[in-house]
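The file entry.cif contains mmCIF, C-alpha atoms and all ligand atoms:
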data_start
#
loop_
_atom_site.label_atom_id
_atom_site.label_comp_id
_atom_site.auth_asym_id
_atom_site.auth_seq_id
_atom_site.Cartn_x
_atom_site.Cartn_y
_atom_site.Cartn_z
CA MET A 28 -12.62 30.89 -89.84
CA PRO A 29 -15.78 30.84 -87.67
CA ALA A 30 -15.19 31.74 -84.01
CA HIS A 31 -14.68 28.75 -81.72
CA THR A 32 -16.51 28.61 -78.42
CA ILE A 33 -14.17 28.01 -75.50
CA PHE A 34 -15.27 27.24 -71.94
CA LEU A 35 -12.83 28.38 -69.24
CA VAL A 36 -13.54 26.21 -66.21
CA GLY A 37 -12.73 27.04 -62.59
CA GLY A 38 -14.05 25.99 -59.24
CA ALA A 39 -11.56 26.50 -56.44
CA ARG A 40 -9.63 29.53 -55.23
CA PRO A 41 -6.31 28.85 -57.03
CA ASN A 42 -8.04 28.53 -60.41
CA TRP A 43 -9.11 32.14 -60.87
CA MET A 44 -5.72 33.84 -61.13
CA LYS A 45 -4.77 31.33 -63.84
CA LEU A 46 -8.02 31.76 -65.76
CA ALA A 47 -7.97 35.57 -65.48
CA ALA A 48 -4.80 35.82 -67.57
CA LEU A 49 -6.33 33.61 -70.25
CA TYR A 50 -9.74 35.28 -70.11
CA HIS A 51 -8.32 38.75 -70.76
CA VAL A 52 -6.27 37.57 -73.76
CA LEU A 53 -9.07 35.45 -75.25
CA LYS A 54 -11.61 38.25 -74.85
CA GLY A 55 -9.68 40.35 -77.35
CA ASN A 56 -9.31 37.55 -79.91
CA SER A 57 -11.98 37.36 -82.61
CA HIS A 58 -11.27 33.68 -83.28
CA PHE A 59 -12.77 32.68 -79.93
CA ARG A 60 -16.04 33.19 -78.05
CA VAL A 61 -15.18 32.79 -74.40
CA SER A 62 -17.50 31.65 -71.61
CA LEU A 63 -16.58 31.41 -67.95
CA VAL A 64 -17.77 28.37 -65.99
CA HIS A 65 -17.75 28.31 -62.17
CA THR A 66 -18.39 24.87 -60.68
CA GLY A 67 -18.90 26.35 -57.21
CA GLN A 68 -16.41 24.01 -55.51
CA HIS A 69 -15.48 27.09 -53.46
CA TYR A 70 -18.37 29.47 -52.82
CA ASP A 71 -17.59 31.86 -49.91
CA ASP A 72 -16.96 35.45 -50.96
CA LYS A 73 -13.50 35.14 -49.40
CA MET A 74 -12.73 31.97 -51.38
CA ALA A 75 -14.35 32.92 -54.69
CA GLY A 76 -16.31 36.19 -55.20
CA SER A 77 -13.54 38.55 -54.08
CA PHE A 78 -11.20 36.91 -56.62
CA PHE A 79 -13.57 37.71 -59.49
CA ARG A 80 -13.64 41.38 -58.47
CA ASP A 81 -9.87 41.65 -57.94
CA LEU A 82 -9.10 39.99 -61.25
CA GLY A 83 -11.61 41.91 -63.37
CA LEU A 84 -13.59 38.76 -64.20
CA PRO A 85 -17.31 39.08 -65.06
CA ASP A 86 -19.95 36.96 -63.36
CA PRO A 87 -19.68 33.39 -64.66
CA ASP A 88 -21.74 32.55 -67.76
CA VAL A 89 -22.38 29.11 -66.29
CA ALA A 90 -22.57 28.40 -62.54
CA LEU A 91 -22.89 24.81 -61.34
CA ALA A 92 -23.12 25.65 -57.60
CA VAL A 93 -21.96 22.23 -56.44
CA GLY A 94 -20.58 23.31 -53.04
CA SER A 95 -18.50 21.16 -50.68
CA GLY A 96 -18.67 17.42 -50.23
CA ASP A 97 -16.65 14.25 -50.04
CA HIS A 98 -14.42 13.72 -53.07
CA GLY A 99 -16.70 11.22 -54.78
CA ALA A 100 -19.86 13.22 -54.20
CA GLN A 101 -18.30 16.54 -55.20
CA THR A 102 -16.65 15.13 -58.33
CA ALA A 103 -19.82 13.30 -59.34
CA LYS A 104 -21.99 16.39 -58.95
CA ILE A 105 -19.64 18.45 -61.12
CA LEU A 106 -19.48 15.70 -63.74
CA GLU A 107 -23.24 15.43 -63.96
CA ARG A 108 -23.99 19.16 -63.99
CA PHE A 109 -21.17 20.00 -66.42
CA GLU A 110 -22.30 17.33 -68.86
CA GLU A 111 -25.71 19.05 -69.02
CA GLN A 112 -24.02 22.35 -69.85
CA LEU A 113 -21.90 20.74 -72.57
CA LYS A 114 -25.04 19.42 -74.21
CA ARG A 115 -26.76 22.78 -73.94
CA HIS A 116 -23.92 25.00 -75.22
CA GLU A 117 -21.79 22.63 -77.33
CA PRO A 118 -18.43 24.41 -76.82
CA ASP A 119 -15.59 23.48 -79.20
CA LEU A 120 -12.92 23.67 -76.50
CA VAL A 121 -12.99 23.13 -72.73
CA LEU A 122 -10.01 24.57 -70.90
CA VAL A 123 -9.32 23.34 -67.36
CA VAL A 124 -6.51 24.48 -65.05
CA GLY A 125 -4.54 22.99 -62.19
CA ASP A 126 -5.39 19.90 -60.20
CA VAL A 127 -8.60 20.33 -58.25
CA ASN A 128 -11.68 18.12 -58.37
CA SER A 129 -13.32 20.51 -60.86
CA THR A 130 -10.37 19.96 -63.23
CA ILE A 131 -10.73 16.20 -63.57
CA ALA A 132 -14.54 16.21 -63.44
CA CYS A 133 -14.94 18.68 -66.31
CA ALA A 134 -12.16 17.10 -68.38
CA LEU A 135 -13.81 13.70 -67.99
CA ALA A 136 -17.28 14.94 -68.95
CA THR A 137 -15.79 16.63 -72.03
CA VAL A 138 -13.67 13.77 -73.33
CA LYS A 139 -16.69 11.46 -73.38
CA MET A 140 -19.00 14.02 -75.00
CA LEU A 141 -20.30 13.53 -78.50
CA TYR A 142 -22.66 16.16 -79.89
CA PRO A 143 -25.67 15.02 -81.95
CA ASP A 144 -24.00 16.08 -85.22
CA GLY A 145 -20.96 13.90 -84.51
CA ARG A 146 -18.63 16.64 -83.26
CA ARG A 147 -16.51 16.15 -80.19
CA PRO A 148 -15.13 18.96 -77.97
CA LYS A 149 -11.40 19.10 -77.22
CA VAL A 150 -9.90 19.25 -73.72
CA VAL A 151 -7.12 21.76 -72.96
CA HIS A 152 -5.19 21.34 -69.69
CA VAL A 153 -3.19 24.34 -68.46
CA GLU A 154 -0.54 23.58 -65.80
CA ALA A 155 -0.18 20.02 -67.10
CA GLY A 156 2.60 17.56 -66.29
CA LEU A 157 3.38 18.55 -62.69
CA ARG A 158 3.98 15.50 -60.50
CA SER A 159 4.72 15.19 -56.79
CA GLY A 160 5.07 11.42 -57.14
CA ASP A 161 2.71 11.05 -54.17
CA ARG A 162 -0.52 9.31 -55.16
CA THR A 163 -1.96 9.78 -51.67
CA MET A 164 -2.53 13.46 -52.56
CA PRO A 165 -5.95 13.92 -54.17
CA GLU A 166 -4.41 16.58 -56.42
CA GLU A 167 -1.81 14.13 -57.79
CA VAL A 168 -4.53 11.72 -58.85
CA ASN A 169 -6.39 14.60 -60.49
CA ARG A 170 -3.21 15.65 -62.36
CA VAL A 171 -2.37 12.20 -63.72
CA LEU A 172 -5.92 11.47 -64.85
CA THR A 173 -6.54 14.89 -66.40
CA ASP A 174 -3.32 14.76 -68.40
CA ALA A 175 -4.11 11.26 -69.64
CA ILE A 176 -7.38 12.39 -71.23
CA SER A 177 -6.55 15.93 -72.41
CA ASP A 178 -5.98 16.76 -76.08
CA TYR A 179 -3.60 19.68 -75.51
CA LEU A 180 -1.22 19.97 -72.56
CA PHE A 181 0.25 23.37 -71.62
CA VAL A 182 3.19 23.12 -69.24
CA THR A 183 4.86 25.61 -66.86
CA GLU A 184 8.30 24.02 -66.40
CA GLN A 185 10.56 21.48 -68.09
CA SER A 186 9.95 18.80 -65.43
CA GLY A 187 6.32 18.74 -66.59
CA VAL A 188 7.36 17.98 -70.16
CA ASP A 189 9.69 15.23 -68.95
CA ASN A 190 6.94 13.67 -66.82
CA LEU A 191 4.42 13.67 -69.67
CA LEU A 192 6.89 12.11 -72.11
CA ARG A 193 7.78 9.46 -69.52
CA GLU A 194 4.08 8.63 -69.18
CA GLY A 195 3.79 8.15 -72.93
CA CYS A 196 2.06 11.38 -74.00
CA ALA A 197 2.56 12.16 -77.68
CA PRO A 198 5.07 15.03 -77.98
CA GLY A 199 2.73 16.87 -80.38
CA ARG A 200 0.21 17.36 -77.55
CA ILE A 201 2.72 19.04 -75.22
CA PHE A 202 3.57 22.76 -75.20
CA LEU A 203 6.01 24.40 -72.76
CA VAL A 204 4.59 27.91 -72.43
CA GLY A 205 5.41 29.28 -68.96
CA ASN A 206 3.07 30.14 -66.12
CA VAL A 207 -0.27 31.93 -66.50
CA MET A 208 -0.53 32.46 -62.73
CA ILE A 209 2.68 34.48 -62.96
CA ASP A 210 1.13 36.54 -65.79
CA THR A 211 -1.52 37.65 -63.31
CA LEU A 212 0.97 38.18 -60.50
CA LEU A 213 3.13 40.44 -62.67
CA SER A 214 0.13 42.45 -63.82
CA GLN A 215 -0.95 43.06 -60.18
CA ALA A 216 2.43 43.29 -58.41
CA ALA A 217 2.75 47.10 -58.46
CA GLU A 218 -0.81 47.58 -57.16
CA ALA A 219 -0.23 44.92 -54.49
CA ARG A 220 2.94 46.54 -53.23
CA GLN A 221 1.30 49.95 -53.17
CA ARG A 222 -1.59 48.65 -51.11
CA ALA A 223 0.79 47.92 -48.19
CA ALA A 224 -1.63 45.39 -46.67
CA TRP A 225 0.86 44.62 -43.88
CA THR A 226 0.09 47.99 -42.23
CA ARG A 227 -3.48 46.76 -41.48
CA PHE A 228 -1.88 44.20 -39.16
CA GLY A 229 0.65 46.61 -37.66
CA LEU A 230 3.54 44.90 -39.49
CA LYS A 231 6.68 46.27 -41.14
CA PRO A 232 8.12 45.27 -44.54
CA GLU A 233 10.48 42.28 -44.14
CA GLY A 234 9.55 42.20 -40.45
CA TYR A 235 7.04 39.34 -40.48
CA ALA A 236 6.33 35.83 -41.74
CA VAL A 237 3.23 34.62 -43.62
CA ALA A 238 1.92 31.09 -43.03
CA THR A 239 -0.75 29.08 -44.87
CA LEU A 240 -1.85 25.47 -44.36
CA HIS A 241 -4.66 23.55 -46.01
CA ARG A 242 -3.37 20.23 -47.42
CA PRO A 243 -5.40 17.31 -46.06
CA SER A 244 -2.10 15.53 -45.26
CA ASN A 245 -1.15 18.39 -42.91
CA VAL A 246 -4.43 19.53 -41.43
CA ASP A 247 -6.55 16.37 -41.29
CA ASP A 248 -4.03 14.60 -39.04
CA ASP A 249 -4.37 15.95 -35.48
CA GLU A 250 -0.83 15.17 -34.40
CA ARG A 251 0.73 16.67 -37.50
CA LEU A 252 -1.40 19.81 -37.26
CA SER A 253 -0.52 20.31 -33.57
CA GLY A 254 3.18 19.98 -34.42
CA LEU A 255 2.89 22.50 -37.24
CA LEU A 256 1.11 24.94 -34.98
CA ARG A 257 3.85 24.51 -32.36
CA ALA A 258 6.43 25.34 -35.03
CA LEU A 259 4.48 28.46 -36.08
CA ARG A 260 4.24 29.56 -32.45
CA ALA A 261 7.99 29.06 -32.04
CA THR A 262 8.60 31.04 -35.24
CA SER A 263 6.41 33.83 -33.88
CA ARG A 264 8.86 34.26 -31.01
CA ARG A 265 11.44 35.32 -33.66
CA LEU A 266 9.11 37.49 -35.80
CA PRO A 267 5.34 37.99 -36.06
CA VAL A 268 3.57 35.31 -38.10
CA LEU A 269 0.43 36.25 -40.04
CA PHE A 270 -1.73 33.18 -40.66
CA PRO A 271 -4.74 33.56 -43.01
CA VAL A 272 -6.72 30.47 -42.12
CA HIS A 273 -8.32 28.35 -44.88
CA PRO A 274 -11.85 27.11 -43.99
CA ARG A 275 -10.69 23.48 -43.93
CA THR A 276 -7.94 24.37 -41.47
CA ARG A 277 -10.20 26.53 -39.33
CA SER A 278 -12.58 23.66 -38.70
CA ARG A 279 -9.69 21.29 -37.81
CA LEU A 280 -8.14 23.82 -35.43
CA ALA A 281 -11.47 24.39 -33.75
CA ARG A 282 -11.95 20.64 -33.29
CA LEU A 283 -8.53 20.43 -31.65
CA GLY A 284 -9.23 23.47 -29.49
CA LEU A 285 -6.12 25.05 -31.02
CA ASP A 286 -7.41 28.26 -32.50
CA GLU A 287 -6.45 30.75 -29.81
CA ALA A 288 -3.97 33.21 -31.31
CA ASP A 289 -1.52 35.37 -29.41
CA SER A 290 -0.10 38.76 -30.19
CA ARG A 291 2.65 37.44 -32.50
CA LEU A 292 0.82 34.55 -34.13
CA ILE A 293 -1.92 36.49 -35.87
CA PHE A 294 -4.84 34.48 -37.25
CA CYS A 295 -6.97 36.17 -39.91
CA GLU A 296 -9.58 35.30 -42.52
CA PRO A 297 -8.51 34.13 -46.01
CA GLN A 298 -7.37 37.27 -47.85
CA PRO A 299 -8.53 38.56 -51.23
CA TYR A 300 -5.99 38.09 -54.02
CA VAL A 301 -4.32 41.50 -54.22
CA GLU A 302 -4.22 41.84 -50.42
CA PHE A 303 -2.55 38.46 -50.10
CA LEU A 304 -0.06 39.27 -52.84
CA SER A 305 0.71 42.49 -50.98
CA LEU A 306 1.37 40.54 -47.78
CA LEU A 307 3.58 38.02 -49.59
CA SER A 308 5.58 40.71 -51.37
CA ALA A 309 6.89 42.26 -48.13
CA ALA A 310 7.24 39.06 -46.02
CA ARG A 311 10.65 38.06 -44.65
CA VAL A 312 9.77 34.37 -45.01
CA VAL A 313 6.72 32.33 -46.02
CA LEU A 314 5.77 28.94 -44.53
CA THR A 315 3.22 27.07 -46.63
CA ASP A 316 1.90 23.81 -48.03
CA SER A 317 0.32 25.50 -51.06
CA GLY A 318 1.52 24.80 -54.59
CA GLY A 319 0.86 28.23 -56.06
CA ILE A 320 2.59 30.11 -53.23
CA GLN A 321 5.84 28.23 -53.94
CA GLU A 322 5.71 29.78 -57.41
CA GLU A 323 4.64 33.25 -56.31
CA THR A 324 7.43 33.55 -53.72
CA THR A 325 9.94 32.46 -56.34
CA ILE A 326 8.95 35.41 -58.54
CA LEU A 327 8.72 37.83 -55.59
CA ALA A 328 12.17 36.66 -54.36
CA VAL A 329 10.85 35.88 -50.87
CA PRO A 330 12.23 32.79 -49.07
CA CYS A 331 9.65 29.98 -48.99
CA LEU A 332 9.69 27.01 -46.60
CA THR A 333 7.37 24.34 -47.94
CA LEU A 334 5.87 22.24 -45.15
CA ARG A 335 5.62 19.10 -47.26
CA ASP A 336 7.93 16.21 -48.12
CA ASN A 337 7.61 16.67 -51.89
CA THR A 338 6.77 19.24 -54.50
CA GLU A 339 5.30 18.96 -57.97
CA ARG A 340 7.05 22.25 -58.80
CA PRO A 341 10.78 21.38 -58.54
CA ILE A 342 11.91 24.45 -60.46
CA THR A 343 10.93 26.58 -57.45
CA VAL A 344 13.63 24.69 -55.51
CA THR A 345 16.34 24.46 -58.19
CA LEU A 346 15.99 28.03 -59.49
CA GLY A 347 13.67 29.75 -57.05
CA THR A 348 13.50 30.56 -53.35
CA ASN A 349 11.74 27.40 -52.19
CA ARG A 350 13.01 24.73 -49.76
CA LEU A 351 11.24 21.50 -48.85
CA ILE A 352 11.17 21.20 -45.07
CA GLY A 353 8.49 18.62 -44.24
CA SER A 354 6.42 18.86 -41.08
CA ASP A 355 8.90 18.16 -38.27
CA PRO A 356 8.71 21.15 -35.85
CA VAL A 357 12.47 21.12 -35.09
CA SER A 358 13.41 21.09 -38.80
CA ILE A 359 10.99 23.96 -39.43
CA MET A 360 12.45 26.07 -36.63
CA ASN A 361 16.01 25.37 -37.83
CA ALA A 362 15.06 26.35 -41.36
CA VAL A 363 13.52 29.60 -40.13
CA GLU A 364 16.75 30.43 -38.27
CA GLN A 365 18.78 29.77 -41.42
CA VAL A 366 16.56 32.02 -43.51
CA LEU A 367 16.71 34.83 -40.95
CA ALA A 368 20.51 34.60 -40.82
CA ALA A 369 20.86 34.91 -44.60
CA PRO A 370 20.30 37.96 -46.82
CA MET A 371 17.13 38.15 -48.90
CA PRO A 372 17.56 36.17 -52.14
CA ALA A 373 18.02 37.78 -55.55
CA PRO A 374 15.20 37.26 -58.08
CA ALA A 375 15.77 34.29 -60.42
CA PRO A 376 12.65 33.81 -62.54
CA PRO A 377 12.30 30.41 -64.24
CA PRO A 378 12.35 30.40 -68.07
CA LEU A 379 9.14 31.75 -69.65
CA TRP A 380 7.69 32.99 -66.34
CA ASP A 381 7.63 36.42 -67.93
CA GLY A 382 4.01 37.56 -68.02
CA ALA A 383 3.29 36.31 -71.56
CA ALA A 384 2.23 32.67 -71.01
CA ALA A 385 -1.45 33.31 -71.77
CA GLU A 386 -0.50 35.06 -75.03
CA ARG A 387 1.53 31.99 -76.02
CA ILE A 388 -1.30 29.59 -75.19
CA VAL A 389 -3.86 31.58 -77.14
CA ALA A 390 -1.49 31.88 -80.13
CA ILE A 391 -1.05 28.08 -80.12
CA LEU A 392 -4.81 27.47 -79.81
CA GLU A 393 -5.40 29.88 -82.67
CA GLY A 394 -2.84 28.03 -84.78
CA LEU A 395 -4.55 24.72 -84.00
CA ALA A 396 -7.92 26.20 -84.87
CA ARG A 397 -6.60 27.60 -88.17
CA SER A 398 -5.09 24.22 -89.05
CA GLY A 399 -8.50 22.62 -88.59
CA ALA A 400 -7.38 20.54 -85.60
CA VAL A 401 -10.08 22.02 -83.38
CA MET A 402 -12.85 21.80 -85.95
CA GLN A 403 -14.38 18.56 -84.89
CA GLU A 404 -14.20 15.86 -87.48
CA PRO A 405 -17.55 14.06 -87.83
CA ALA A 406 -17.22 10.86 -85.89
CA SER A 407 -17.61 7.52 -87.64
CA SER A 408 -20.75 5.69 -86.64
CA ALA A 409 -18.67 3.08 -84.82
CA LEU A 410 -17.00 5.78 -82.74
CA ALA A 411 -20.35 7.44 -82.15
CA ALA A 412 -21.73 4.16 -80.88
CA THR A 413 -18.92 3.64 -78.40
CA ARG A 414 -18.87 7.21 -77.16
CA VAL A 415 -22.53 7.74 -76.38
C1 LIG B 501 -9.20 22.48 -52.76
C2 LIG B 501 -8.33 21.68 -53.74
C3 LIG B 501 -6.86 21.97 -53.47
C4 LIG B 501 -6.59 23.45 -53.52
C5 LIG B 501 -7.51 24.14 -52.52
C6 LIG B 501 -7.31 25.62 -52.49
C7 LIG B 501 -9.22 19.51 -54.47
C8 LIG B 501 -9.09 18.06 -54.33
N1 LIG B 501 -8.52 20.25 -53.58
O1 LIG B 501 -8.96 22.00 -51.45
O2 LIG B 501 -6.09 21.33 -54.47
O3 LIG B 501 -5.24 23.70 -53.23
O4 LIG B 501 -8.86 23.85 -52.88
O5 LIG B 501 -8.10 26.19 -51.49
O6 LIG B 501 -9.90 19.98 -55.36
N2 LIG B 501 -15.24 25.66 -47.54
C9 LIG B 501 -15.81 26.84 -47.14
N3 LIG B 501 -15.99 27.79 -48.07
C10 LIG B 501 -15.64 27.63 -49.36
C11 LIG B 501 -15.03 26.42 -49.76
C12 LIG B 501 -14.82 25.45 -48.83
O7 LIG B 501 -16.13 27.04 -45.98
O8 LIG B 501 -15.83 28.55 -50.18
C13 LIG B 501 -14.99 24.59 -46.55
C14 LIG B 501 -15.88 23.40 -46.73
O9 LIG B 501 -16.50 23.14 -45.53
C15 LIG B 501 -14.95 22.25 -47.11
C16 LIG B 501 -13.56 22.77 -46.78
O10 LIG B 501 -13.65 24.19 -46.72
O11 LIG B 501 -15.21 21.10 -46.40
C17 LIG B 501 -12.53 22.39 -47.79
O12 LIG B 501 -12.93 22.71 -49.13
P1 LIG B 501 -12.73 21.64 -50.31
O13 LIG B 501 -13.40 22.14 -51.53
O14 LIG B 501 -13.07 20.29 -49.83
O15 LIG B 501 -11.20 21.56 -50.64
P2 LIG B 501 -9.93 22.38 -50.23
O16 LIG B 501 -9.35 21.82 -49.00
O17 LIG B 501 -10.22 23.86 -50.25
#
Encoding of this model in structure tokens:
Amino acid sequence: MPAHTIFLVGGARPNWMKLAALYHVLKGNSHFRVSLVHTGQHYDDKMAGSFFRDLGLPDPDVALAVGSGDHGAQTAKILERFEEQLKRHEPDLVLVVGDVNSTIACALATVKMLYPDGRRPKVVHVEAGLRSGDRTMPEEVNRVLTDAISDYLFVTEQSGVDNLLREGCAPGRIFLVGNVMIDTLLSQAAEARQRAAWTRFGLKPEGYAVATLHRPSNVDDDERLSGLLRALRATSRRLPVLFPVHPRTRSRLARLGLDEADSRLIFCEPQPYVEFLSLLSAARVVLTDSGGIQEETTILAVPCLTLRDNTERPITVTLGTNRLIGSDPVSIMNAVEQVLAAPMPAPAPPPLWDGAAAERIVAILEGLARSGAVMQEPASSALAATRV
């Protein structure tokens, strides 16, 4: 079987820990030639470069350097630049992860691509099927659209399978494989713990909270952001709160004149991956609106209070350490008190979150390739006419 070319596509911070697990497994598999694509949606060293170094990823083979922008402009730029790269390199498979603008843009460019010899690349979506049910979140729109146009859907938890079936996806396209982000976490957990990043901030294990906020619904609304900051300040009267501030949040806080920290609410720059994992691993409680952190705290057995009204990752609530709190300052403070009054939870990893998800995905892709499913059938001329 000739080797298939596979593009691994990332653009924003949460993509790299997912792609790293896949990259390292694919690299050792002679059936695939792997290329790394960086759209440049995130570009600061703290939001991108440091993650490549921490995760042992090489410089990207393809860099689109799109930068920030409004959703339409950013998505359009990625779409246009990625289409050029598809034409130039003609990969057989394009693998996208998660739910960011790079995910939908690259999936969309791929599904409409037809190479001059009539072949068509296949789209693989990893972390498919998650649904918050809230179409006002840009990520939810990206999830629904990406799943609708992907050829192969790799899912982290049963709710994702259920959602895809409900939306009419053919069962043969869906594979429940576990969580590649947890593969990376498990491979780095010992190093993270040993690094003891909390000592840099004068903190003690299980003696501090970690907070992160970046969702537009939380930080783009002045009143909501002020309320959340009040709740973090109140929490910091119970235990120190370390708050690595996302660039989006930093600019909103500055606009509100709210960025002055005090000795127990400690603002810092976004942390590199292993440092952040280190901080999470020894936290007493985490307050966040991130998706990935809900999953990471579940595996690390650290209580997580999610400052949103919904989650696309319900298994972190039913099996894990996550609770949905919303954004009301009084509810947040009550939830913190409850966590502090209870013992630390016991680990309860969801099924298949065992460090081997990337191996499963690559084994399935190899099986599909062997069966000829990935070898692109020459398109009929009618199809070619409609696709160009
Ligand atoms: C994006 C994703 C979100 C993901 C998050 C993780 C979408 C729709 N959203 O949101 O799902 O959880 O990434 O961080 O794709 N900026 C910098 N340096 C950078 C990148 C951004 O300073 O390296 C600034 C820019 O001024 C930009 C702002 O941060 O306006 C926000 O970045 P943006 O790419 O718009 O989305 P995120 O809020 O990070």
**Report entry** Contacts of ligand LIG 501 (chain B), 9 Å or closer, all atoms listed in the file, given as an MDAnalysis selection string
**Finding:** chainID A and resid 38:42 67:75 94:98 101:102 125:130 164:167 169 241:243 273:278 316:319
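The coordinates place CA of Met208 in chain A at 23.2 Å from CA of His58 in chain A.
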Report task. Excluding Asp289 in chain A and residues on its chain fewer than 2 positions from it, collect all residues at most 12 Å away from it, counting only C-alpha atoms, and give them as a list in words. Result ->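 Using only C-alpha atoms, the neighbours found are Leu259, Arg260, Ala261, Ser263, Arg264, Pro267, Val268, Leu269, Phe270, Leu285, Asp286, Glu287, Arg291, Leu292, Ile293, Phe294 and Cys295 of chain A.
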Report task. Find the residue from A:Val93, A:Val389, A:Asn349, A:Met360 that sits nearest to Ala375 in chain A; use all atoms listed in the file when measuring. Result ->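 With all atoms listed in the file as the atom set, the closest residue is A:Asn349.
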Query raised in the report: Leaving out Tyr300 in chain A and any residue of its chain fewer than 3 positions from it, which residues lie within 9 Å of it when counting all atoms listed in the file, given as a list in words?
Result: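 Once the nearby chain positions are removed, what remains is Met44, Ser77, Phe78, Asp81, Leu82, Ala219, Phe303, Leu304 and Ser305 of chain A.
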Query - Residues near Thr262 in chain A, cut-off 10 Å, only C-alpha atoms, skip fewer than 4 positions along chain, as an NGL selection string - result: :A and (235-236 or 256-258 or 266-268 or 291-292 or 314 or 356 or 359-361 or 363-364)
Report task. Could you give me, as a VMD selection string, the residues within 12 Å of range 191-193 of chain A, counting all atoms listed in the file and dropping anything in the same chain fewer than 5 positions from it? Result -> chain A and resid 154 to 158 170 to 177 179 to 182 184 to 186 198 to 203
C-alpha atoms of the current selection, written as a CSV table (one decimal), keeping the file's coordinate frame:
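File again_16.csv, as written:
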chain,number,residue,atom,x,y,z
A,154,GLU,CA,-0.5,23.6,-65.8
A,155,ALA,CA,-0.2,20.0,-67.1
A,156,GLY,CA,2.6,17.6,-66.3
A,157,LEU,CA,3.4,18.6,-62.7
A,158,ARG,CA,4.0,15.5,-60.5
A,170,ARG,CA,-3.2,15.6,-62.4
A,171,VAL,CA,-2.4,12.2,-63.7
A,172,LEU,CA,-5.9,11.5,-64.8
A,173,THR,CA,-6.5,14.9,-66.4
A,174,ASP,CA,-3.3,14.8,-68.4
A,175,ALA,CA,-4.1,11.3,-69.6
A,176,ILE,CA,-7.4,12.4,-71.2
A,177,SER,CA,-6.6,15.9,-72.4
A,179,TYR,CA,-3.6,19.7,-75.5
A,180,LEU,CA,-1.2,20.0,-72.6
A,181,PHE,CA,0.2,23.4,-71.6
A,182,VAL,CA,3.2,23.1,-69.2
A,184,GLU,CA,8.3,24.0,-66.4
A,185,GLN,CA,10.6,21.5,-68.1
A,186,SER,CA,10.0,18.8,-65.4
A,198,PRO,CA,5.1,15.0,-78.0
A,199,GLY,CA,2.7,16.9,-80.4
A,200,ARG,CA,0.2,17.4,-77.6
A,201,ILE,CA,2.7,19.0,-75.2
A,202,PHE,CA,3.6,22.8,-75.2
A,203,LEU,CA,6.0,24.4,-72.8
Query raised in the report: Out of A:Pro330, A:Val61, A:Gly187, A:Leu106, which residue has the shortest atom-to-atom distance to Pro372 in chain A when counting all atoms listed in the file?
Result: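 Residue with the minimum atom-to-atom distance to Pro372 in chain A: A:Pro330.
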Query raised in the report: Distance CA of Gly76 in chain A-CA of Ala216 in chain A, one decimal place?
Result: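 These two atoms are separated by 20.3 Å.
For the residues A:Ala30, A:Leu334, A:Thr183, A:Arg251, ranking by smallest atom-to-atom distance to Val204 in chain A using all atoms listed in the file places A:Thr183 first.
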Requested in this report: Counting only C-alpha atoms, note down every residue that has an atom within 8 Å of the point (4.2, 40.1, -49.0) (file coordinates), as a list in words.
Outcome: Arg220, Trp225, Pro232, Val237, Phe303, Leu304, Ser305, Leu306, Leu307, Ser308, Ala309 and Ala310 of chain A
Query raised in the report: range 134-143 of chain A: which residues within 8 Å, counting only C-alpha atoms, same-chain residues fewer than 2 positions away excluded, as number ranges by chain?
Result: A: 106-107, 109-110, 113-114, 117, 121, 123, 130-132, 145-150, 173, 176-177, 411, 414-415
**Report entry** Interatomic distance, CA of Ser253 in chain A to CA of Val366 in chain A (Å, one decimal)
**Finding:** 23.0 Å
Report task. Find, counting all atoms listed in the file, the residue in A:Arg279, A:Arg340, A:Arg311, A:Arg397 that gets nearest to Leu367 in chain A. Result ->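 So, comparing all the options, the nearest one is A:Arg311.
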Requested in this report: Using all atoms listed in the file, find all polymer residues with an atom at most 10 Å away from the point (-5.6, 30.1, -79.4); report them as a list in words.
Outcome: His31, Ile33, Leu49, Val52, Leu53, Asn56, His58, Phe59, Ala385, Glu386, Arg387, Ile388, Val389, Ala390, Ile391, Leu392, Glu393, Gly394, Leu395, Ala396 and Arg397 of chain A
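If all atoms listed in the file are the atoms counted, then among A:Thr315, A:Thr345, A:Ser354, A:Asn190 the closest residue to Thr333 in chain A is A:Thr315.
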